[in-house]
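Peer 1: my_file_23.cif is the file, holding mmCIF, C-alpha atoms and all ligand atoms:
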```
data_query
#
loop_
_atom_site.label_atom_id
_atom_site.label_comp_id
_atom_site.auth_asym_id
_atom_site.auth_seq_id
_atom_site.Cartn_x
_atom_site.Cartn_y
_atom_site.Cartn_z
CA MET Y 15 91.60 171.83 -104.54
CA SER Y 16 88.59 173.91 -103.58
CA LEU Y 17 85.57 172.02 -102.30
CA SER Y 18 82.18 173.56 -101.58
CA ILE Y 19 79.99 172.70 -98.61
CA VAL Y 20 77.49 170.91 -100.83
CA ALA Y 21 80.22 168.87 -102.53
CA ALA Y 22 81.89 168.01 -99.22
CA LEU Y 23 78.56 166.77 -97.84
CA ALA Y 24 77.92 164.65 -100.93
CA GLU Y 25 81.39 163.09 -100.73
CA ALA Y 26 81.00 162.40 -97.00
CA LYS Y 27 77.55 160.84 -97.47
CA ALA Y 28 78.94 158.54 -100.13
CA ALA Y 29 81.81 157.52 -97.83
CA LEU Y 30 79.32 156.76 -95.02
CA PHE Y 31 76.96 154.76 -97.25
CA ALA Y 32 76.87 151.88 -94.74
CA SER Y 33 75.40 154.06 -91.97
CA ASP Y 34 71.63 154.69 -91.69
CA SER Y 35 72.39 158.18 -90.44
CA ALA Y 36 74.94 159.12 -93.14
CA ALA Y 37 73.40 162.48 -94.10
CA LEU Y 38 72.91 163.59 -90.51
CA ASP Y 39 76.39 162.45 -89.46
CA ALA Y 40 77.94 164.26 -92.43
CA ARG Y 41 76.15 167.50 -91.48
CA LEU Y 42 76.91 167.27 -87.76
CA LEU Y 43 80.60 166.66 -88.38
CA LEU Y 44 80.85 169.47 -90.94
CA CYS Y 45 79.18 171.92 -88.54
CA HIS Y 46 81.75 170.81 -85.96
CA ILE Y 47 84.66 171.54 -88.30
CA LEU Y 48 83.24 174.86 -89.54
CA ASP Y 49 82.03 175.79 -86.03
CA CYS Y 50 78.67 176.80 -87.47
CA PRO Y 51 74.97 176.11 -86.80
CA PRO Y 52 73.20 173.57 -89.11
CA ALA Y 53 71.31 176.33 -90.98
CA TYR Y 54 74.64 177.73 -92.24
CA LEU Y 55 75.13 174.65 -94.44
CA HIS Y 56 71.81 175.31 -96.22
CA THR Y 57 72.32 179.06 -96.44
CA TRP Y 58 75.84 178.89 -97.87
CA PRO Y 59 76.06 175.65 -99.91
CA ASP Y 60 78.65 177.14 -102.29
CA LYS Y 61 81.10 178.40 -99.65
CA THR Y 62 84.39 176.56 -99.92
CA LEU Y 63 86.33 174.73 -97.24
CA SER Y 64 89.98 175.60 -96.64
CA LEU Y 65 92.47 172.78 -97.18
CA ALA Y 66 92.89 172.39 -93.43
CA GLN Y 67 89.11 172.16 -92.99
CA GLN Y 68 88.84 169.55 -95.76
CA GLN Y 69 91.59 167.47 -94.20
CA ALA Y 70 90.10 167.66 -90.69
CA TYR Y 71 86.62 166.87 -92.01
CA PHE Y 72 87.59 163.80 -94.00
CA GLU Y 73 89.66 162.50 -91.09
CA LEU Y 74 86.49 162.59 -88.98
CA ILE Y 75 84.48 160.99 -91.78
CA ALA Y 76 87.03 158.16 -91.99
CA GLN Y 77 86.75 157.56 -88.23
CA ARG Y 78 82.97 157.59 -88.48
CA ARG Y 79 83.17 155.09 -91.35
CA ASP Y 80 85.21 152.88 -89.00
CA GLY Y 81 82.30 152.98 -86.55
CA HIS Y 82 83.42 155.61 -84.02
CA PRO Y 83 80.32 157.18 -82.42
CA VAL Y 84 79.50 160.69 -83.63
CA ALA Y 85 79.36 161.79 -79.97
CA HIS Y 86 82.98 160.70 -79.46
CA LEU Y 87 84.07 162.56 -82.60
CA LEU Y 88 82.24 165.73 -81.55
CA GLY Y 89 83.22 165.30 -77.89
CA TYR Y 90 79.69 165.90 -76.66
CA ARG Y 91 76.09 164.68 -76.66
CA ASP Y 92 73.00 166.75 -75.90
CA PHE Y 93 70.90 165.33 -73.07
CA TRP Y 94 67.76 166.94 -71.64
CA THR Y 95 68.64 170.66 -71.87
CA LEU Y 96 72.37 170.15 -71.37
CA ARG Y 97 75.30 169.69 -73.73
CA LEU Y 98 77.48 167.10 -71.97
CA ALA Y 99 81.11 166.25 -72.66
CA VAL Y 100 81.55 162.53 -73.36
CA ASN Y 101 84.51 160.18 -73.71
CA ASN Y 102 85.24 156.48 -73.83
CA THR Y 103 85.24 155.97 -70.05
CA THR Y 104 81.46 155.65 -69.79
CA LEU Y 105 78.17 155.47 -71.65
CA ILE Y 106 77.15 158.15 -74.14
CA PRO Y 107 73.84 159.44 -72.67
CA ARG Y 108 70.83 158.05 -74.54
CA PRO Y 109 67.54 159.82 -75.33
CA GLU Y 110 65.61 156.97 -73.65
CA THR Y 111 67.14 157.92 -70.29
CA GLU Y 112 65.16 161.16 -70.49
CA LEU Y 113 62.10 159.01 -69.61
CA LEU Y 114 63.65 158.36 -66.20
CA VAL Y 115 64.38 162.07 -65.74
CA GLU Y 116 60.77 162.94 -66.65
CA GLN Y 117 59.33 160.40 -64.21
CA ALA Y 118 61.68 161.46 -61.40
CA LEU Y 119 60.64 165.10 -61.89
CA ALA Y 120 56.96 164.08 -61.74
CA LEU Y 121 57.35 162.59 -58.21
CA PRO Y 122 55.81 164.49 -55.30
CA LEU Y 123 59.15 164.91 -53.49
CA PRO Y 124 59.97 167.53 -50.85
CA GLU Y 125 61.29 170.82 -52.21
CA GLN Y 126 64.67 170.07 -50.61
CA ALA Y 127 64.81 166.38 -51.52
CA SER Y 128 68.05 164.42 -51.33
CA VAL Y 129 68.67 162.27 -54.39
CA LEU Y 130 71.31 159.66 -55.20
CA ASP Y 131 72.27 158.76 -58.82
CA LEU Y 132 74.03 155.38 -58.91
CA GLY Y 133 76.36 154.90 -61.91
CA THR Y 134 76.27 158.53 -62.91
CA GLY Y 135 78.64 158.30 -65.92
CA THR Y 136 78.72 161.74 -67.57
CA GLY Y 137 76.46 162.95 -64.74
CA ALA Y 138 73.55 163.07 -67.21
CA ILE Y 139 70.69 162.13 -64.86
CA ALA Y 140 72.02 163.94 -61.79
CA LEU Y 141 72.75 167.14 -63.71
CA ALA Y 142 69.39 167.12 -65.51
CA LEU Y 143 67.54 166.70 -62.20
CA ALA Y 144 69.69 169.25 -60.39
CA SER Y 145 69.23 171.81 -63.16
CA GLU Y 146 65.43 171.45 -62.97
CA ARG Y 147 65.18 171.36 -59.16
CA PRO Y 148 67.65 173.81 -57.61
CA GLY Y 149 66.30 172.94 -54.13
CA TRP Y 150 67.21 169.25 -54.43
CA GLN Y 151 70.61 168.02 -53.29
CA LEU Y 152 72.03 165.44 -55.69
CA THR Y 153 74.84 162.93 -55.17
CA GLY Y 154 76.19 161.09 -58.21
CA VAL Y 155 78.55 158.12 -57.85
CA ASP Y 156 80.51 155.98 -60.27
CA ARG Y 157 83.03 153.15 -59.89
CA ILE Y 158 85.21 154.53 -62.71
CA PRO Y 159 87.29 157.48 -61.43
CA ALA Y 160 87.59 158.96 -64.95
CA ALA Y 161 83.79 159.05 -65.21
CA VAL Y 162 83.63 160.99 -61.93
CA THR Y 163 86.16 163.46 -63.40
CA LEU Y 164 84.01 163.78 -66.54
CA ALA Y 165 80.79 164.32 -64.57
CA THR Y 166 82.52 166.96 -62.45
CA ALA Y 167 83.75 168.75 -65.60
CA ASN Y 168 80.17 168.73 -66.94
CA GLN Y 169 78.92 170.14 -63.65
CA GLN Y 170 81.51 172.92 -63.77
CA ALA Y 171 80.75 173.70 -67.42
CA HIS Y 172 77.07 174.20 -66.58
CA GLN Y 173 77.70 175.73 -63.15
CA ILE Y 174 75.15 173.51 -61.44
CA PRO Y 175 75.94 173.84 -57.73
CA ASN Y 176 73.56 171.34 -56.09
CA VAL Y 177 75.38 168.13 -57.10
CA THR Y 178 78.30 166.27 -55.55
CA PHE Y 179 80.05 163.61 -57.59
CA MET Y 180 82.18 160.93 -56.00
CA HIS Y 181 83.97 157.69 -56.65
CA SER Y 182 82.07 154.75 -55.17
CA ASP Y 183 81.36 151.09 -55.90
CA TRP Y 184 77.58 151.49 -55.62
CA PHE Y 185 77.09 152.44 -51.93
CA SER Y 186 80.65 151.72 -50.71
CA ALA Y 187 81.61 155.41 -50.23
CA VAL Y 188 78.11 156.73 -49.55
CA GLU Y 189 77.77 157.91 -45.94
CA SER Y 190 74.97 156.22 -44.01
CA GLN Y 191 72.41 158.75 -45.13
CA ARG Y 192 68.75 158.39 -46.14
CA PHE Y 193 67.73 159.64 -49.60
CA ASP Y 194 64.23 160.63 -50.74
CA LEU Y 195 64.98 159.21 -54.17
CA ILE Y 196 67.57 156.79 -55.58
CA VAL Y 197 67.81 156.68 -59.38
CA SER Y 198 69.98 154.46 -61.51
CA ASN Y 199 70.62 153.64 -65.12
CA PRO Y 200 72.97 150.76 -64.25
CA PRO Y 201 74.63 148.30 -66.64
CA TYR Y 202 71.83 145.91 -67.70
CA VAL Y 203 72.93 144.21 -70.92
CA GLU Y 204 73.38 140.41 -70.92
CA ASP Y 205 77.09 139.42 -71.04
CA ASN Y 206 76.68 137.61 -74.36
CA SER Y 207 74.18 139.97 -75.99
CA GLU Y 208 74.41 140.42 -79.78
CA TYR Y 209 73.79 144.11 -79.15
CA LEU Y 210 77.39 144.43 -77.88
CA ILE Y 211 78.88 144.01 -81.35
CA GLN Y 212 76.73 146.63 -83.09
CA GLY Y 213 76.92 150.39 -83.44
CA ASP Y 214 78.17 152.81 -80.80
CA VAL Y 215 78.33 150.25 -77.98
CA VAL Y 216 81.43 148.68 -79.55
CA PHE Y 217 83.29 151.85 -78.49
CA GLU Y 218 81.77 152.07 -75.02
CA PRO Y 219 83.28 150.28 -72.01
CA ARG Y 220 81.80 146.97 -70.87
CA SER Y 221 81.91 148.38 -67.32
CA ALA Y 222 79.03 150.66 -68.34
CA LEU Y 223 77.02 148.03 -70.19
CA THR Y 224 77.03 144.44 -69.00
CA ALA Y 225 75.72 142.85 -65.81
CA GLY Y 226 75.91 139.06 -65.86
CA HIS Y 227 74.18 136.36 -67.91
CA ASP Y 228 70.73 138.00 -67.66
CA GLY Y 229 71.90 141.61 -67.31
CA MET Y 230 70.35 141.79 -63.83
CA ASP Y 231 73.41 141.44 -61.54
CA ASP Y 232 73.73 145.16 -60.78
CA ILE Y 233 69.99 145.77 -60.41
CA ARG Y 234 69.81 142.84 -57.93
CA GLN Y 235 72.74 144.24 -55.97
CA ILE Y 236 71.26 147.75 -55.85
CA CYS Y 237 67.76 146.50 -54.88
CA ALA Y 238 69.22 144.57 -51.96
CA ALA Y 239 71.37 147.41 -50.63
CA ALA Y 240 69.22 150.46 -51.38
CA ARG Y 241 66.62 149.94 -48.63
CA ASP Y 242 69.20 150.97 -46.02
CA TYR Y 243 69.76 154.27 -47.87
CA LEU Y 244 66.13 155.23 -48.54
CA SER Y 245 64.00 157.35 -46.25
CA GLU Y 246 60.57 156.13 -45.14
CA ASN Y 247 58.47 156.22 -48.34
CA GLY Y 248 61.63 156.93 -50.33
CA VAL Y 249 61.46 156.04 -54.03
CA ILE Y 250 63.80 153.86 -56.08
CA MET Y 251 63.75 154.19 -59.87
CA PHE Y 252 65.65 152.17 -62.49
CA GLU Y 253 66.12 152.29 -66.22
CA HIS Y 254 66.30 148.73 -67.57
CA GLY Y 255 66.04 146.71 -70.77
CA PHE Y 256 62.68 146.49 -72.59
CA ASN Y 257 62.41 142.79 -71.60
CA GLN Y 258 63.46 143.16 -67.94
CA ALA Y 259 60.42 144.85 -66.35
CA ALA Y 260 59.08 141.61 -64.82
CA ALA Y 261 62.51 140.61 -63.46
CA VAL Y 262 63.02 144.08 -61.95
CA ALA Y 263 59.54 143.96 -60.35
CA ASP Y 264 60.30 140.48 -58.91
CA CYS Y 265 63.55 141.72 -57.48
CA LEU Y 266 61.89 144.78 -55.89
CA GLN Y 267 59.10 142.63 -54.44
CA THR Y 268 61.59 140.13 -53.01
CA HIS Y 269 63.24 142.98 -51.13
CA GLY Y 270 59.96 144.31 -49.74
CA TYR Y 271 59.44 147.39 -51.93
CA ARG Y 272 55.83 148.34 -52.68
CA GLN Y 273 53.79 150.29 -55.25
CA ILE Y 274 55.86 148.99 -58.15
CA ARG Y 275 55.16 150.96 -61.34
CA HIS Y 276 56.44 150.61 -64.90
CA PHE Y 277 56.77 153.47 -67.37
CA ASN Y 278 56.76 152.98 -71.13
CA ASP Y 279 58.93 154.70 -73.71
CA LEU Y 280 57.72 156.17 -77.01
CA ALA Y 281 57.77 152.67 -78.54
CA ASN Y 282 55.38 151.65 -75.72
CA LEU Y 283 57.97 149.39 -74.09
CA PRO Y 284 58.49 149.37 -70.30
CA ARG Y 285 61.94 150.92 -69.79
CA VAL Y 286 61.68 152.49 -66.32
CA THR Y 287 60.42 150.95 -63.07
CA SER Y 288 59.88 152.66 -59.73
CA ALA Y 289 58.89 151.47 -56.27
CA ILE Y 290 58.54 152.78 -52.75
CA ARG Y 291 60.53 151.56 -49.77
C1 LIG V 1 74.61 152.47 -68.28
S1 LIG V 1 75.87 153.55 -67.68
C2 LIG V 1 74.86 154.97 -67.23
C3 LIG V 1 75.58 156.27 -67.21
C4 LIG V 1 74.65 157.49 -66.96
N1 LIG V 1 73.95 157.37 -65.71
C5 LIG V 1 73.65 157.64 -68.08
O1 LIG V 1 72.48 157.37 -67.87
O2 LIG V 1 74.04 158.03 -69.19
C6 LIG V 1 76.24 152.79 -66.15
C7 LIG V 1 77.28 153.49 -65.29
O3 LIG V 1 77.41 152.73 -64.07
C8 LIG V 1 78.77 152.71 -63.69
N2 LIG V 1 78.97 151.55 -62.81
C9 LIG V 1 79.07 150.24 -63.17
N3 LIG V 1 79.26 149.47 -62.08
C10 LIG V 1 79.28 150.31 -61.01
C11 LIG V 1 79.44 150.12 -59.60
N4 LIG V 1 79.63 148.91 -59.09
N5 LIG V 1 79.40 151.20 -58.81
C12 LIG V 1 79.20 152.45 -59.32
N6 LIG V 1 79.06 152.69 -60.65
C13 LIG V 1 79.08 151.63 -61.48
C14 LIG V 1 79.53 152.64 -65.00
O4 LIG V 1 80.86 153.06 -64.86
C15 LIG V 1 78.68 153.58 -65.89
O5 LIG V 1 79.14 154.90 -65.81
#
```
Just give me the structure as structure tokens.

Peer 2:
Amino acid sequence: MSLSIVAALAEAKAALFASDSAALDARLLLCHILDCPPAYLHTWPDKTLSLAQQQAYFELIAQRRDGHPVAHLLGYRDFWTLRLAVNNTTLIPRPETELLVEQALALPLPEQASVLDLGTGTGAIALALASERPGWQLTGVDRIPAAVTLATANQQAHQIPNVTFMHSDWFSAVESQRFDLIVSNPPYVEDNSEYLIQGDVVFEPRSALTAGHDGMDDIRQICAAARDYLSENGVIMFEHGFNQAAAVADCLQTHGYRQIRHFNDLANLPRVTSAIR
């Protein structure tokens, strides 16, 4: 049976009625199947899908209806200026993490700064920083070997030379070196958070999300260890939950960091905190 673009989109939207992003998801997935830019769908609403395209499209729509993240179905997510491959071994990069990238780029660091990204996942933060600052030398680490493989594939796809990815449990494999900047978007969700049973996070690994009863276990661990890896006046910068700024500041103060600053997201909530060694 022939099915036009406009009819396929209508059918998909109806199937995804439970999602608040049904229309967008339907368009993104159809562009993926037709290998076309979004404007094509508007320009050629009456073009018909082949049977194979219809079948592939409605298989994706069924998976989306079952809750699979669009990024997993497409195999990528755009972050900063980069299209990054994603999979179920780590977090899908979030737009809010771009706040950390922005604030890191605004720091008055040396032109050849050394920067460590703890819990690099897809490599999102390290690759964004490295692409903007070719003189910086980035190291990205993750405890999940498959995430390190993914980050390395993203690095190769974008041919960004000034990053090294490696497998490490926080600092365990990091040579005793001093960094000008340590950044991290670590796991920070409370173990029993309601957020863990909603939306995309259901399909993301707990190893990327949770950190103890108050979500602070990893931040505490990093705060304690990072001083030995920061240069004099080196900066540490975390992404954290909207309600964790005070706890992160306490933790940094306890470990002797100074000039603690919070940065708010577009909803005016403090989501990034930095301090100086
Ligand atoms: C919230 S995700 C952030 C991923 C990526 N940086 C981003 O912003 O999209 C946290 C990452 O930390 C990694 N991780 C968790 N515990 C770790 C540990 N002990 N050592 C190194 N990485 C760890 C997870 O595997 C995951 O990739």

Peer 1: Taking 5 positions as the minimum chain separation for residues in the same chain, which residues sit within 8 Å of stretch 18-21 of chain Y when counting only C-alpha atoms? Answer as an MDAnalysis selection string.

Peer 2: chainID Y and resid 55 58:63

Peer 1: Collect all residues with atoms no farther than 6 Å from ligand LIG 1 (chain V), counting all atoms listed in the file, and output them as a PDB file with C-alpha atoms, in the frame of the given file.

Peer 2:
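That gives us part32.pdb:
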```pdb
ATOM      1  CA  THR Y 104      81.460 155.650 -69.790  1.00  0.00           C
ATOM      2  CA  LEU Y 105      78.170 155.470 -71.650  1.00  0.00           C
ATOM      3  CA  ILE Y 106      77.150 158.150 -74.140  1.00  0.00           C
ATOM      4  CA  PRO Y 107      73.840 159.440 -72.670  1.00  0.00           C
ATOM      5  CA  THR Y 111      67.140 157.920 -70.290  1.00  0.00           C
ATOM      6  CA  LEU Y 132      74.030 155.380 -58.910  1.00  0.00           C
ATOM      7  CA  GLY Y 133      76.360 154.900 -61.910  1.00  0.00           C
ATOM      8  CA  THR Y 134      76.270 158.530 -62.910  1.00  0.00           C
ATOM      9  CA  GLY Y 135      78.640 158.300 -65.920  1.00  0.00           C
ATOM     10  CA  THR Y 136      78.720 161.740 -67.570  1.00  0.00           C
ATOM     11  CA  ALA Y 138      73.550 163.070 -67.210  1.00  0.00           C
ATOM     12  CA  ILE Y 139      70.690 162.130 -64.860  1.00  0.00           C
ATOM     13  CA  VAL Y 155      78.550 158.120 -57.850  1.00  0.00           C
ATOM     14  CA  ASP Y 156      80.510 155.980 -60.270  1.00  0.00           C
ATOM     15  CA  ARG Y 157      83.030 153.150 -59.890  1.00  0.00           C
ATOM     16  CA  ILE Y 158      85.210 154.530 -62.710  1.00  0.00           C
ATOM     17  CA  SER Y 182      82.070 154.750 -55.170  1.00  0.00           C
ATOM     18  CA  ASP Y 183      81.360 151.090 -55.900  1.00  0.00           C
ATOM     19  CA  TRP Y 184      77.580 151.490 -55.620  1.00  0.00           C
ATOM     20  CA  ASN Y 199      70.620 153.640 -65.120  1.00  0.00           C
ATOM     21  CA  PRO Y 200      72.970 150.760 -64.250  1.00  0.00           C
ATOM     22  CA  PRO Y 201      74.630 148.300 -66.640  1.00  0.00           C
ATOM     23  CA  SER Y 221      81.910 148.380 -67.320  1.00  0.00           C
ATOM     24  CA  ALA Y 222      79.030 150.660 -68.340  1.00  0.00           C
ATOM     25  CA  LEU Y 223      77.020 148.030 -70.190  1.00  0.00           C
TER      26      LEU Y 223
END
```

Peer 1: Skip Y:Phe179 itself and residues of its chain fewer than 6 positions away, then list as a PDB file with C-alpha atoms, in the frame of the given file all residues within 7 Å of it, counting all atoms listed in the file.

Peer 2:
```
ATOM      1  CA  THR Y 153      74.840 162.930 -55.170  1.00  0.00           C
ATOM      2  CA  GLY Y 154      76.190 161.090 -58.210  1.00  0.00           C
ATOM      3  CA  VAL Y 155      78.550 158.120 -57.850  1.00  0.00           C
ATOM      4  CA  VAL Y 162      83.630 160.990 -61.930  1.00  0.00           C
ATOM      5  CA  THR Y 166      82.520 166.960 -62.450  1.00  0.00           C
TER       6      THR Y 166
END
```

Peer 1: Find the nearest atom pair between each residue of stretch 111-218 of chain Y and stretch 251-267 of chain Y for residues within 8 Å, count all atoms listed in the file, give distances in Å to one decimal, sort rows by chain and ascending number, and present the table as a tab-separated table.

Peer 2:
```
residue	atom	partner	partner_atom	distance
Y:Thr111	CA	Y:Glu253	CA	7.0
Y:Leu114	CA	Y:Glu253	CA	6.6
Y:Ala118	CA	Y:Met251	CA	7.7
Y:Leu195	CA	Y:Met251	CA	7.7
Y:Ile196	CA	Y:Met251	CA	6.3
Y:Val197	CA	Y:Met251	CA	4.8
Y:Ser198	CA	Y:Phe252	CA	5.0
Y:Asn199	CA	Y:Glu253	CA	4.8
Y:Pro200	CA	Y:Glu253	CA	7.3
Y:Tyr202	CA	Y:His254	CA	6.2
Y:Val203	CA	Y:Gly255	CA	7.3
```

Peer 1: Please provide the set of residues having any atom within 12 Å of Y:Pro109, restricted to all atoms listed in the file, with same-chain residues fewer than 5 positions apart removed, written as a list in words.

Peer 2: Arg91, Asp92, Phe93, Trp94, Thr95, Leu114, Val115, Glu116, Ala138, Ile139, Glu253, Asp279, Leu280 and Arg285 of chain Y

Peer 1: Let me make sure I understand: among Y:Ala28, Y:Val216, Y:Leu152, Y:Ala36, which one has the smallest atom-to-atom distance to Y:His82 if we use all atoms listed in the file?

Peer 2: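 Closest to Y:His82, using all atoms listed in the file: Y:Val216.
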
Peer 1: With only C-alpha atoms as the atoms that count, which of Y:Gly213, Y:Pro122, Y:Gln68, Y:Val100 lies nearest to Y:Ser16?

Peer 2: Y:Gln68

Peer 1: Excluding Y:Pro175 and any residue of its chain fewer than 2 positions from it, enumerate the residues within 10 Å of it, using only C-alpha atoms, and give them as a ChimeraX atom specification.

Peer 2: /Y:141,144-145,148,151-152,169-170,172-173,177-178

Peer 1: Take atom CA of Y:Leu96 and atom CA of Y:Tyr71 and report the distance between them in Å, one decimal.

Peer 2: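 Separating atom CA of Y:Leu96 from atom CA of Y:Tyr71 is a distance of 25.3 Å.
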
Peer 1: State, in Å with one decimal place, the distance from atom CA of Y:Asn101 to atom CA of Y:His86.

Peer 2: 6.0 Å

Peer 1: If the box runs along x, y and z of the file and leaves 5 Å on each side of stretch 259-270 of chain Y, what are its centre and edge lengths in Å, one decimal, as JSON?

Peer 2:
```
{"center_x": 61.3, "center_y": 142.5, "center_z": -58.0, "size_x": 14.5, "size_y": 14.7, "size_z": 26.6}
```

Peer 1: How many Å lie between atom CA of Y:Val129 and atom CA of Y:Phe193, rounded to one decimal?

Peer 2: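 Atom CA of Y:Phe193 lies 5.5 Å from atom CA of Y:Val129.
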
Peer 1: Of the residues Y:Leu48, Y:Ala140, Y:Val84, Y:Leu23, which is the one nearest to Y:Phe217, using all atoms listed in the file?

Peer 2: Y:Val84

Peer 1: Report as an MDAnalysis selection string all protein, DNA and RNA residues lying within 12 Å of Y:Ala37, evaluated on all atoms listed in the file, omitting residues in the same chain fewer than 6 positions from it.

Peer 2: chainID Y and resid 20 22:31 43:44 75

Peer 1: Could you tell me which of Y:Glu246, Y:Glu218, Y:Glu112, Y:Asp205 comes closest to Y:Asp231 if we count all atoms listed in the file?

Peer 2: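 Once distances to Y:Asp231 are computed over all atoms listed in the file, the minimum belongs to Y:Asp205.
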